[in-house]
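Visitor: Quick one: the structure is below, questions incoming.
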Amino acid sequence: MKDKLQKIKEEAMRQIEGSDELGKLNDVRVAFLGKKGELTAVLKSMKDVKPEERPAVGQLVNETRESIEKKLEETRKKLEEKELETRLKREVIDVTLPSKKNLVGHRHPNTIALEEVERIFTGMGYEVVEGPEVEYDYYNFEALNIPANHPAKDEQDTFYINDKILLRTQTSPVQVRVMEKKKLPIRMIAPGRVFRADEVDATHSPSFHQIEGMVIDKHITFADLKGTLQEFARQLFGADTKVKFRPHHFPFTEPSAEMDVTCFKCGGKGCRFCKGEGWIEILGCGMVHPKVLRMSGIDPEEYSGFAFGVGLERITLLKYEIDDMRLLYENDERFLKQF
Amino acid sequence: MNTSLKWIKDLVPGLDCSAQEYMDAMTLSGSKVEGYTKMDANLEKIVVGQIKKIERHPDADKLIICQVDIGTKEPIQIVTGAQNVREGDKVPVVLDGGRVAGGHDGSVTEGGIKIKKGKLRGVVSNGMMCSIEELGSNRDMYPKAPLEGIYILDESVEVGSDAVKELGLDDVVVEYEITSNRVDCFSILGIAREAAATFGKEFVPPVVTKTGNGEDVNDYIKVTVKDTDLCSRYTARVVKNIKIEPSPEWMQRRLAAQGIRPINNIVDITNYVMEEFGQPMHAYDLDKIEGGEIIVRRAGEGEKFVTLDGQERTLDDSVLMICDGKKAVGMAGIMGGENSMITDDVKTMLFEAACFDGTNIRLSGKKMGMRTDASAKFEKGLDPNLAMEAMDRACQLIEELGAGEVVGGAVDVYPVKKEGRRIPFEPEKYNRLLGTEIAPETMISYFKKIELGYDEQTNEVLVPSWRQDLECDADLAEEVARFFGYANIPMTLPSGEATTGKLSFKLRIEGMAREIAEFCGFSQGMTYSFESPKVFDKLLLPEDSKLRETVTIANPLGEDFSVMRTTSINGMLTSLSTNYNRRNKNVRLYELGNVYLPKQIPVTELPEERMQFTLGMYGEGDFYTMKGVVEEFLYKVGMRLKPEYDPNAGRPYLHPGRQANVIYDGTIIGYLGEVHPTVAANYNIKDRVYIAVIDMPEIVSRATFDRKYEGIAKFPAATRDISMTVPKEILAGDIEKVFEEKGGKNLESYQLFDIYEGAQIKGGYKSVAYSLTFRAKDRNLEEADIAGAMNKILKALENMGIELRK
């Protein structure tokens with residue numbers, strides 16, 4: 001019996017070692033350990049063994065079985081690893097082959113720039129509001145301290161519908177519309193389309209966008225205006241950006257200023273981009289004129305505020321180094337896809 | 001506005017700064033300098049030389065050899081081809097290694113031309129004698145210069161001195177951008193006053209002395225101003241025994257630096273005073289003034305008048321005229337008349353310095369299509385107090401230059417004298433507005449610099465009449481800020497009540513539209529809000545189409561930009577056309593932009609502005625691709641009812657058999673379709689184009705960001721397929737309506753899986769097959785449940801004339 005088991009074991013070991021794939025290995029398992037397997041047959045023949053020898057034989061059978069199973073398991077693992085290795089080798093691809101393109105659209109650079117500005121100001125507690133593009137003369141001019149026959153009215157080359165109605169030349173009328181609602185304090189930006197009678201060329205368009213900003217509260221100062229716009233410039237153009245305020249004149253703000261930022265290309269040293277000046281003019285701003293506050297029903301003795309207006313296209317062109325404004329309105333996909 | 005920097009420095013003697021320092025400081029104090037031009041930028045090593053001896057060149061007929069004294073021990077030898085020089089002449093000489101600005105033909109070379117000693121036909125030449133053109137100027141500015149040849153300097157100049165300086169070319173022309181509120185700064189004196197204040201130096205304006213002989217001007221002329229609303233002041237003086245000649249060089253130089261061509265003493269004085277004071281003046285030949293009087297009145301309607309440029313103008317009653325006893329002699333503030341202009345043989349002249357209404361001058365000039373140096377000054381609204389000062393200054397110059405004999409006295413029609421303003425001095429208010437802590441005394445010192453007085457008794461700031469822009473606290477705060485320095489004001493962030501930053505719901509929905517469009521491959525375009533009325537024909541809109549009722553621009557840039565769009569289709573098709581004609585393949589664009597729908601014609605109130613979400617594409621994809629984008633969008637903005645599609649949309653610019661209104665809960669919220677081939681051809685597109693337009697107000701009023709979890713199905717689904725032979729005119733939508741109505745609550749979904757028309761199907765019919773999925777939320781469905789629902793569906797389908805195929 002012992003010899004027989006030894007023989008089975010040796011034969012099993014030989015066959016297991018001879019198996020070079022999982023299928024064959026399984027055949028070996030069935031041949032020895034399956035229902036009709038050789039070892040199973042030995043087990044079945046236990047009834048012929050003398051009862052006093054049975055425990056010893058039984059133990060021997062079990063040992064044989066265990067060693068075969070162990071060998072089978074080891075070999076299975078090895079073969080599986082080998083097979084996986086083969087598969088992985090077989091499945092090598094050329095990763096430099098072209099990608100399969102997902103058809104994804106692109107956002108207009110104006111919108112990307114606007115969303116950036118909106119993110120900065122909503123983060124500072126500003127509400128984004130809108131106003132009509134076809135506007136009353138009153139809101140576009142008169143309520144902004146630009147009375148009839150004011151030279152500033154000529155300067156803006158306004159498109160008129162009739163005496164009373166025009167295409168807004170600036171987003172500033174939204175200031176007045178918000179102030180008239182008298183929900184104070186106000187922190188708002190108003191992006192939108194504006195119109196001026198400029199012929200189309202590389203730097204002009206009869207239709208473009210502005211972003212108006214305004215804060216009205218008690219104790220708002222020119223220092224607040226400076227601090228706010230510095231923060232804006234740093235977030236939009238980079239933390240190292242410096243700002244410079246120059247006195248200027250707008251009928252609806254007093255004091256008024258224009259803000260320059262250090263050229264984001266050369267950092268202020270002067271380059272071709274900033275025409276050697278190191279500074280780039282970016283926006284107009286000022287303290288809301290007391291006449292404007294009064295006309296909108298706000299007491300300038302109690303409240304003060306600041307306002308600013310940024311040309312969206314100006315930011316877009318500068319930020320993305322676009323050299324011709326016409327590109328923004330042609331909608332050539334080869335242009336749009338670059339953003 | 002331009003000024004010569006030398007002129008400014010003459011009025012602010014302590015001013016010692018480079019052009020760049022001047023530019024930076026002036027800009028920061030509010031007189032923005034756009035740039036400056038150094039007149040001598042390319043002039044180097046140019047001295048005054050005197051020609052001692054001239055000899056012929058041995059080998060060249062056209063050359064001469066000059067021995068030129070340049071103040072050194074030995075004269076230097078220069079060979080020249082110029083024909084106009086003589087021994088003893090003093091001339092500008094550029095030495096070896098020096099530079100000149102350009103050629104003698106007036107051509108300008110970038111960076112100038114380097115001059116080196118060399119040989120001309122074998123004879124050594126150690127430099128070059130210069131023409132005015134080579135020095136970067138021209139005969140217009142230097143009338144003394146010969147037509148051709150070397151510029152001959154005045155005999156009095158010192159040999160060896162700097163010729164550039166002698167010619168006044170050592171100057172810098174500064175260009176400013178003066179804002180419309182600072183009328184006073186459109187003058188040399190105004191700028192000089194600002195410069196003095198900016199640099200903290202003394203401002204020394206010219207001292208205007210008394211002029212005139214013993215006669216009385218009133219014996220010569222009488223002035224009546226009929227329309228005092230348009231002429232707040234009219235001053236006049238008379239000059240007799242006029243001697244017309246060139247003005248002195250110092251005056252010519254100053255005018256040249258200002259870019260003004262010297263003409264003769266009288267014209268030059270007028271221009272000089274206009275530059276200096278910012279007050280335009282006019283000179284009439286008194287002998288041509290009839291009736292010994294001047295009348296200032298509005299023109300008659302249709303009145304004709306010939307201005308001194310020889311043009312005949314037709315006037316109307318808004319134009320102010322200067323007239324004599326019989327006729328008009330000038331258009332007030334704009335241009336004088338041909339009939340009264342001074343000529344070289346003028347004997348007696350009438351000098352006019354007046355103050356005309358700025359707005360009227362601006363509108364009249366615009367109407368007449370005329371803008372002159374004078375009208376450009378008047379239209380800003382001058383200080384009437386300036387008129388007499390300028391008049392007296394001009395007469396002073398007449399006497400100083402010996403240009404004529406000034407008659408004593410002056411006519412001054414000035415019914416209401418303009419006084420300066422008094423504004424209470426409230427320093428704490430200025431500090432509160434600026435966020436500063438500037439001492440009141442400091443503020444008063446700033447005011448003093450720009451000639452704003454302070455009345456201690458009443459605690460008021462005294463604003464001179466030329467500062468018409470200063471009216472209130474905020475204005476004075478700006479003056480304080482300018483001289484304190486904007487840069488010195490601290491930077492803080494607003495304190496006070498917190499506010500929430502947010503986008504409106506509308507803007508959030510628009511953001512969602514952008515995202516969906518981009519996910520689906522559409523890129524964002526932007527197009528103009530105005531277009532040509534011709535686009536309505538291009539879009540095949542009938543004459544009575546509501547879309548042809550537009551908000552029309554009264555003064556458009558041209559017909560192409562003359563009406564506010566009532567449909568976004570043209571913009572989209574134009575953009576697609578641009579892409580198509582540039583051979584871009586498979587283009588998908590979207591736009592979010594307004595259309596403008598008038599509430600009435602003619603327009604009396606603001607039109608309705610409706611945001612349109614417009615999608616357009618050609619190339620890959622079809623009607624159903626576009627339909628998918630629309631449905632994806634509706635789903636994403638929480639509009640989860642099933643949209644319906646009405647093929648009878650009746651839009652002429654779309655393919656009649658491939659268009660549909662999108663109906664949501666009974667309302668048309670937009671439309672989509674294939675663009676009509678004729679319309680596509682009108683836009684030069686030879687491909688199929690698909691368009692969808694969503695009317696965003698309809699979306700905004702229905703959209704929601706509320707979502708509720710509905711659970712995930714736990715029980716198994718059962719599917720049933722139906723194959724049908726359907727009369728052609730029955731739409732898939734009609735069949736689906738039956739499923740919706742008859743399917744019961746357990747019909748979870750249905751899916752079209754086959755549609756076929758062709759040989760195997762009888763005429764007038766199509767084969768349609770759907771797969772229906774049933775599922776209950778709370779249990780396993782029994783066969784009976786499904787059969788019940790299916791029976792109802794099949795029966796309803798049969799009633800529509802649909803045959804079921806087994």
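Residues are referred to by chain and number: the chain letter is A, B, ... according to the order shown in the structure tokens, the number counts from 1 in that chain, and ligands are numbered separately from 1 in the order shown.
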Excluding Glu620 of chain B and its own-chain neighbours fewer than 5 positions away, which residues fall within 9 Å of it when counting only C-alpha atoms? Please give them as a ChimeraX atom specification.
Guide: /B:585-587
Visitor: Compile the contact shell of Ser207 of chain A as a PyMOL selection string: residues with an atom at most 9 Å away, counting only C-alpha atoms, same-chain residues fewer than 4 positions apart removed.
Guide: (chain A and resi 193-198) or (chain B and resi 528-530)
Visitor: Give me the residues near Gln751 of chain B as a PDB file with C-alpha atoms, in the first residue's frame, where near means some atom within 12 Å (using only C-alpha atoms) and where sequence neighbours in that chain fewer than 2 positions away do not count.
Guide:
```pdb
ATOM      1  CA  THR B 719     -39.909  44.008 -22.114  1.00  0.00           C
ATOM      2  CA  ARG B 720     -42.346  43.610 -24.972  1.00  0.00           C
ATOM      3  CA  ASP B 721     -41.602  44.436 -28.587  1.00  0.00           C
ATOM      4  CA  ILE B 722     -44.227  45.760 -30.998  1.00  0.00           C
ATOM      5  CA  ALA B 732     -43.506  58.581 -34.107  1.00  0.00           C
ATOM      6  CA  GLY B 733     -44.651  61.234 -31.674  1.00  0.00           C
ATOM      7  CA  ILE B 735     -47.435  56.571 -31.425  1.00  0.00           C
ATOM      8  CA  GLU B 736     -45.478  57.608 -28.356  1.00  0.00           C
ATOM      9  CA  PHE B 739     -47.772  54.717 -25.074  1.00  0.00           C
ATOM     10  CA  LEU B 747     -44.694  51.406 -18.399  1.00  0.00           C
ATOM     11  CA  GLU B 748     -41.210  52.548 -17.487  1.00  0.00           C
ATOM     12  CA  SER B 749     -39.851  53.468 -20.899  1.00  0.00           C
ATOM     13  CA  PHE B 753     -35.539  50.267 -32.466  1.00  0.00           C
ATOM     14  CA  ASP B 754     -36.464  50.089 -36.109  1.00  0.00           C
ATOM     15  CA  ILE B 755     -38.037  52.305 -38.707  1.00  0.00           C
ATOM     16  CA  VAL B 768     -42.003  50.866 -37.107  1.00  0.00           C
ATOM     17  CA  ALA B 769     -40.853  48.791 -34.149  1.00  0.00           C
ATOM     18  CA  TYR B 770     -40.706  49.729 -30.471  1.00  0.00           C
ATOM     19  CA  SER B 771     -39.475  47.969 -27.410  1.00  0.00           C
ATOM     20  CA  LEU B 772     -41.548  48.674 -24.290  1.00  0.00           C
ATOM     21  CA  THR B 773     -40.203  48.180 -20.768  1.00  0.00           C
ATOM     22  CA  PHE B 774     -42.536  47.537 -17.854  1.00  0.00           C
TER      23      PHE B 774
END
```
Visitor: I'd like to know which residues of segment 24-196 of chain B are helix (DSSP H, G or I) (by DSSP, run on the backbone); could you write them as a compact mmCIF listing (two decimals) with N, CA and C atoms, in the first residue's frame?
Guide:
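Full text of result_9.txt as output:
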```
# COMPACT_ATOMS: atom_id res chain seq x y z
N ASP B 24 6.19 112.32 -16.24
CA ASP B 24 5.71 111.48 -15.14
C ASP B 24 4.98 112.31 -14.09
N ALA B 25 5.60 113.44 -13.70
CA ALA B 25 5.01 114.22 -12.62
C ALA B 25 3.71 114.88 -13.06
N MET B 26 3.67 115.42 -14.27
CA MET B 26 2.46 116.08 -14.76
C MET B 26 1.31 115.07 -14.86
N THR B 27 1.63 113.87 -15.34
CA THR B 27 0.59 112.84 -15.48
C THR B 27 0.00 112.50 -14.11
N LEU B 28 0.86 112.39 -13.11
CA LEU B 28 0.37 112.01 -11.79
C LEU B 28 -0.37 113.14 -11.09
N ALA B 163 24.55 125.68 -32.34
CA ALA B 163 23.62 126.15 -33.38
C ALA B 163 22.20 125.65 -33.14
N VAL B 164 22.07 124.48 -32.52
CA VAL B 164 20.74 123.92 -32.24
C VAL B 164 19.99 124.85 -31.31
N LYS B 165 20.73 125.36 -30.32
CA LYS B 165 20.15 126.29 -29.37
C LYS B 165 19.77 127.60 -30.07
N GLU B 166 20.67 128.08 -30.90
CA GLU B 166 20.41 129.33 -31.61
C GLU B 166 19.15 129.23 -32.45
N VAL B 183 -10.90 123.29 -19.09
CA VAL B 183 -10.81 124.23 -20.20
C VAL B 183 -9.57 125.11 -20.05
N ASP B 184 -9.26 125.45 -18.78
CA ASP B 184 -8.14 126.37 -18.55
C ASP B 184 -6.80 125.79 -19.00
N CYS B 185 -6.73 124.47 -19.09
CA CYS B 185 -5.46 123.84 -19.45
C CYS B 185 -5.26 123.69 -20.95
N ILE B 188 -1.10 127.62 -22.78
CA ILE B 188 0.24 127.56 -22.20
C ILE B 188 0.20 128.01 -20.74
N LEU B 189 -0.54 129.10 -20.48
CA LEU B 189 -0.57 129.61 -19.12
C LEU B 189 -1.21 128.60 -18.17
N GLY B 190 -2.26 127.95 -18.63
CA GLY B 190 -2.93 126.95 -17.79
C GLY B 190 -2.01 125.80 -17.45
N ILE B 191 -1.32 125.31 -18.46
CA ILE B 191 -0.39 124.19 -18.24
C ILE B 191 0.76 124.63 -17.33
N ALA B 192 1.26 125.85 -17.59
CA ALA B 192 2.38 126.34 -16.79
C ALA B 192 1.97 126.46 -15.32
N ARG B 193 0.74 126.90 -15.09
CA ARG B 193 0.25 127.03 -13.72
C ARG B 193 0.23 125.66 -13.04
N GLU B 194 -0.23 124.64 -13.78
CA GLU B 194 -0.24 123.27 -13.24
C GLU B 194 1.18 122.76 -13.01
N ALA B 195 2.07 123.09 -13.94
CA ALA B 195 3.46 122.63 -13.82
C ALA B 195 4.10 123.24 -12.58
N ALA B 196 3.86 124.56 -12.37
CA ALA B 196 4.42 125.24 -11.21
C ALA B 196 3.91 124.58 -9.93
```
Visitor: Tell me as a list in words which residues belonging to chain A come within 6 Å of chain B, counting only C-alpha atoms.
Guide: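 Listed by rising number, the hits are Leu103, Val104, Gly105, His106, Arg107, His108, Thr122, Gly125, Tyr126, Glu127, Val128, Phe159, Tyr160, Ile161, Thr221, Phe222, Ala223, Asp224, Lys226, Gly227, Thr228, Arg246, Pro247, Glu254, Pro255, Tyr329, Asn331 and Asp332 of chain A.
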Visitor: Extract, using only C-alpha atoms, all DNA, RNA and protein residues at most 6 Å from segment 92-94 of chain B, discarding same-chain residues fewer than 5 positions from it, and format them as a ChimeraX atom specification.
Guide: /B:45-49,127-130,163
Visitor: For the selection you just gave me, I'd like the residues written to a file as a CSV table (one decimal), in the first residue's frame, keeping N, CA and C atoms.
Guide:
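Writing the result to result-v1.csv gives the following:
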```csv
chain,number,residue,atom,x,y,z
B,45,LYS,N,26.6,117.5,-32.1
B,45,LYS,CA,27.8,118.3,-32.5
B,45,LYS,C,27.5,119.2,-33.7
B,46,ILE,N,26.6,120.1,-33.4
B,46,ILE,CA,26.3,121.1,-34.5
B,46,ILE,C,26.5,122.5,-33.9
B,47,VAL,N,27.5,123.2,-34.5
B,47,VAL,CA,27.9,124.5,-33.9
B,47,VAL,C,27.7,125.6,-35.0
B,48,VAL,N,27.8,126.9,-34.5
B,48,VAL,CA,27.7,128.0,-35.4
B,48,VAL,C,29.1,128.2,-36.0
B,49,GLY,N,29.1,128.2,-37.3
B,49,GLY,CA,30.4,128.5,-38.0
B,49,GLY,C,30.3,129.7,-38.9
B,127,GLY,N,33.3,118.1,-42.2
B,127,GLY,CA,32.0,118.3,-41.6
B,127,GLY,C,31.0,118.7,-42.6
B,128,MET,N,29.9,119.2,-42.2
B,128,MET,CA,28.9,119.6,-43.2
B,128,MET,C,28.2,120.8,-42.7
B,129,MET,N,27.9,121.7,-43.7
B,129,MET,CA,27.0,122.9,-43.4
B,129,MET,C,25.6,122.4,-43.6
B,130,CYS,N,24.6,122.9,-42.8
B,130,CYS,CA,23.3,122.2,-42.8
B,130,CYS,C,22.2,123.1,-43.4
B,163,ALA,N,24.5,125.7,-32.3
B,163,ALA,CA,23.6,126.1,-33.4
B,163,ALA,C,22.2,125.6,-33.1
```
Visitor: So which residues touch Phe237 of chain A within 12 Å, counting only C-alpha atoms, skipping near sequence neighbours fewer than 3 positions away, as a PDB file with N, CA and C atoms, in the first residue's frame?
Guide:
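Here's the written file result-v6.pdb:
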```pdb
ATOM      1  N   ALA A 113     -12.665  85.411 -19.732  1.00  0.00           N
ATOM      2  CA  ALA A 113     -12.161  86.572 -18.980  1.00  0.00           C
ATOM      3  C   ALA A 113     -13.243  87.111 -18.052  1.00  0.00           C
ATOM      4  N   GLU A 116     -13.730  85.059 -14.994  1.00  0.00           N
ATOM      5  CA  GLU A 116     -12.618  85.320 -14.070  1.00  0.00           C
ATOM      6  C   GLU A 116     -12.918  86.569 -13.220  1.00  0.00           C
ATOM      7  N   VAL A 117     -13.376  87.611 -13.906  1.00  0.00           N
ATOM      8  CA  VAL A 117     -13.703  88.857 -13.205  1.00  0.00           C
ATOM      9  C   VAL A 117     -14.886  88.624 -12.249  1.00  0.00           C
ATOM     10  N   ILE A 120     -13.774  86.854  -9.120  1.00  0.00           N
ATOM     11  CA  ILE A 120     -13.053  87.717  -8.188  1.00  0.00           C
ATOM     12  C   ILE A 120     -14.043  88.563  -7.387  1.00  0.00           C
ATOM     13  N   LEU A 229      -9.411  97.723  -6.079  1.00  0.00           N
ATOM     14  CA  LEU A 229      -8.945  97.514  -7.449  1.00  0.00           C
ATOM     15  C   LEU A 229      -7.544  96.911  -7.478  1.00  0.00           C
ATOM     16  N   GLN A 230      -6.761  97.184  -6.451  1.00  0.00           N
ATOM     17  CA  GLN A 230      -5.456  96.517  -6.379  1.00  0.00           C
ATOM     18  C   GLN A 230      -5.658  95.007  -6.218  1.00  0.00           C
ATOM     19  N   GLU A 231      -6.584  94.658  -5.348  1.00  0.00           N
ATOM     20  CA  GLU A 231      -6.889  93.240  -5.114  1.00  0.00           C
ATOM     21  C   GLU A 231      -7.361  92.579  -6.419  1.00  0.00           C
ATOM     22  N   PHE A 232      -8.233  93.293  -7.107  1.00  0.00           N
ATOM     23  CA  PHE A 232      -8.746  92.812  -8.389  1.00  0.00           C
ATOM     24  C   PHE A 232      -7.594  92.565  -9.373  1.00  0.00           C
ATOM     25  N   ALA A 233      -6.715  93.549  -9.485  1.00  0.00           N
ATOM     26  CA  ALA A 233      -5.605  93.446 -10.445  1.00  0.00           C
ATOM     27  C   ALA A 233      -4.677  92.288 -10.080  1.00  0.00           C
ATOM     28  N   ARG A 234      -4.443  92.118  -8.787  1.00  0.00           N
ATOM     29  CA  ARG A 234      -3.549  91.036  -8.376  1.00  0.00           C
ATOM     30  C   ARG A 234      -4.150  89.672  -8.677  1.00  0.00           C
ATOM     31  N   ASP A 240       2.083  89.648  -8.148  1.00  0.00           N
ATOM     32  CA  ASP A 240       3.137  90.667  -8.131  1.00  0.00           C
ATOM     33  C   ASP A 240       2.719  91.968  -8.811  1.00  0.00           C
ATOM     34  N   THR A 241       1.501  91.973  -9.358  1.00  0.00           N
ATOM     35  CA  THR A 241       1.058  93.141 -10.122  1.00  0.00           C
ATOM     36  C   THR A 241       0.980  94.384  -9.235  1.00  0.00           C
ATOM     37  N   LYS A 242       1.524  95.478  -9.747  1.00  0.00           N
ATOM     38  CA  LYS A 242       1.405  96.753  -9.038  1.00  0.00           C
ATOM     39  C   LYS A 242       0.407  97.622  -9.780  1.00  0.00           C
ATOM     40  N   VAL A 243      -0.228  98.531  -9.049  1.00  0.00           N
ATOM     41  CA  VAL A 243      -1.205  99.415  -9.684  1.00  0.00           C
ATOM     42  C   VAL A 243      -0.785 100.865  -9.496  1.00  0.00           C
ATOM     43  N   ASP A 260      -3.528 102.106 -13.995  1.00  0.00           N
ATOM     44  CA  ASP A 260      -2.586 101.341 -14.805  1.00  0.00           C
ATOM     45  C   ASP A 260      -2.123 100.149 -13.972  1.00  0.00           C
ATOM     46  N   VAL A 261      -1.775  99.084 -14.636  1.00  0.00           N
ATOM     47  CA  VAL A 261      -1.145  97.953 -13.933  1.00  0.00           C
ATOM     48  C   VAL A 261       0.230  97.733 -14.537  1.00  0.00           C
ATOM     49  N   THR A 262       1.133  97.168 -13.747  1.00  0.00           N
ATOM     50  CA  THR A 262       2.450  96.863 -14.293  1.00  0.00           C
ATOM     51  C   THR A 262       2.267  95.834 -15.391  1.00  0.00           C
ATOM     52  N   CYS A 263       3.009  96.012 -16.464  1.00  0.00           N
ATOM     53  CA  CYS A 263       2.912  95.125 -17.621  1.00  0.00           C
ATOM     54  C   CYS A 263       3.152  93.687 -17.168  1.00  0.00           C
ATOM     55  N   PHE A 264       2.205  92.803 -17.481  1.00  0.00           N
ATOM     56  CA  PHE A 264       2.348  91.422 -16.996  1.00  0.00           C
ATOM     57  C   PHE A 264       3.292  90.612 -17.870  1.00  0.00           C
ATOM     58  N   LYS A 265       3.763  91.232 -18.935  1.00  0.00           N
ATOM     59  CA  LYS A 265       4.721  90.549 -19.797  1.00  0.00           C
ATOM     60  C   LYS A 265       6.146  90.770 -19.278  1.00  0.00           C
ATOM     61  N   GLY A 267       6.753  92.727 -16.391  1.00  0.00           N
ATOM     62  CA  GLY A 267       6.755  93.034 -14.972  1.00  0.00           C
ATOM     63  C   GLY A 267       7.051  94.490 -14.663  1.00  0.00           C
ATOM     64  N   ILE A 280       0.319  99.430 -18.150  1.00  0.00           N
ATOM     65  CA  ILE A 280      -0.769  99.273 -19.109  1.00  0.00           C
ATOM     66  C   ILE A 280      -2.041  99.836 -18.488  1.00  0.00           C
ATOM     67  N   ILE A 282      -5.768 100.194 -17.688  1.00  0.00           N
ATOM     68  CA  ILE A 282      -6.703  99.076 -17.610  1.00  0.00           C
ATOM     69  C   ILE A 282      -8.142  99.515 -17.338  1.00  0.00           C
ATOM     70  N   ILE A 315      -9.261  93.539 -21.568  1.00  0.00           N
ATOM     71  CA  ILE A 315      -8.663  92.488 -20.740  1.00  0.00           C
ATOM     72  C   ILE A 315      -8.430  91.230 -21.566  1.00  0.00           C
ATOM     73  N   THR A 316      -9.427  90.862 -22.370  1.00  0.00           N
ATOM     74  CA  THR A 316      -9.302  89.652 -23.181  1.00  0.00           C
ATOM     75  C   THR A 316      -8.105  89.749 -24.123  1.00  0.00           C
ATOM     76  N   LEU A 318      -5.496  91.676 -23.947  1.00  0.00           N
ATOM     77  CA  LEU A 318      -4.218  91.713 -23.232  1.00  0.00           C
ATOM     78  C   LEU A 318      -3.869  90.345 -22.670  1.00  0.00           C
ATOM     79  N   LYS A 319      -4.837  89.739 -21.992  1.00  0.00           N
ATOM     80  CA  LYS A 319      -4.576  88.504 -21.277  1.00  0.00           C
ATOM     81  C   LYS A 319      -4.206  87.365 -22.220  1.00  0.00           C
ATOM     82  N   TYR A 320      -4.863  87.316 -23.363  1.00  0.00           N
ATOM     83  CA  TYR A 320      -4.607  86.202 -24.278  1.00  0.00           C
ATOM     84  C   TYR A 320      -3.742  86.618 -25.467  1.00  0.00           C
TER      85      TYR A 320
END
```
Visitor: DSSP on the backbone, then: every residue of segment 32-101 of chain B marked strand (DSSP E or B), written as JSON, numbers by chain.
Guide: {"B": [32, 33, 34, 35, 36, 37, 38, 44, 45, 46, 47, 48, 49, 50, 51, 52, 53, 54, 55, 56, 64, 65, 66, 67, 68, 69, 76, 77, 78, 79, 80, 90, 91, 92, 93, 94, 95, 96, 97, 98, 99, 100, 101]}
Visitor: Would you mind listing what lies within 10 Å of Leu794 of chain B as a list in words, with only C-alpha atoms counted and same-chain residues fewer than 5 positions away left out?
Guide: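 The residues that qualify are Ile722, Met724, Val738, Phe739, Lys742, Gly743, Ala789, Asn799, Met800, Ile802, Glu803 and Leu804 of chain B.
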Visitor: For the residues selected in the previous step, produce a file with C-alpha atoms as a PDB file, in the first residue's frame.
Guide:
```pdb
ATOM      1  CA  ILE B 722     -44.227  45.760 -30.998  1.00  0.00           C
ATOM      2  CA  MET B 724     -46.209  47.866 -36.700  1.00  0.00           C
ATOM      3  CA  VAL B 738     -50.452  56.396 -27.197  1.00  0.00           C
ATOM      4  CA  PHE B 739     -47.772  54.717 -25.074  1.00  0.00           C
ATOM      5  CA  LYS B 742     -52.384  53.985 -22.381  1.00  0.00           C
ATOM      6  CA  GLY B 743     -49.238  52.411 -20.950  1.00  0.00           C
ATOM      7  CA  ALA B 789     -51.447  47.475 -20.486  1.00  0.00           C
ATOM      8  CA  ASN B 799     -57.870  52.527 -33.908  1.00  0.00           C
ATOM      9  CA  MET B 800     -55.354  54.846 -35.564  1.00  0.00           C
ATOM     10  CA  ILE B 802     -51.913  50.971 -37.522  1.00  0.00           C
ATOM     11  CA  GLU B 803     -51.473  47.302 -38.347  1.00  0.00           C
ATOM     12  CA  LEU B 804     -49.687  45.106 -35.879  1.00  0.00           C
TER      13      LEU B 804
END
```
Visitor: Atom CA of Gly131 of chain A and atom CA of Ser172 of chain A, how far apart in Å?
Guide: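 Those two atoms sit 9.5 Å apart.
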Visitor: Find the residue from B:Leu573, B:Val159, B:Ile669, B:Ile444 that sits nearest to Glu330 of chain A; use only C-alpha atoms when measuring.
Guide: B:Leu573
Visitor: Residues near Phe250 of chain A, anyone? I mean within 10 Å using only C-alpha atoms, not counting same-chain ones fewer than 6 positions away, as an NGL selection string.
Guide: (:A and (144-146 or 152 or 256-258 or 284-286 or 288-289)) or (:B and (179-181))
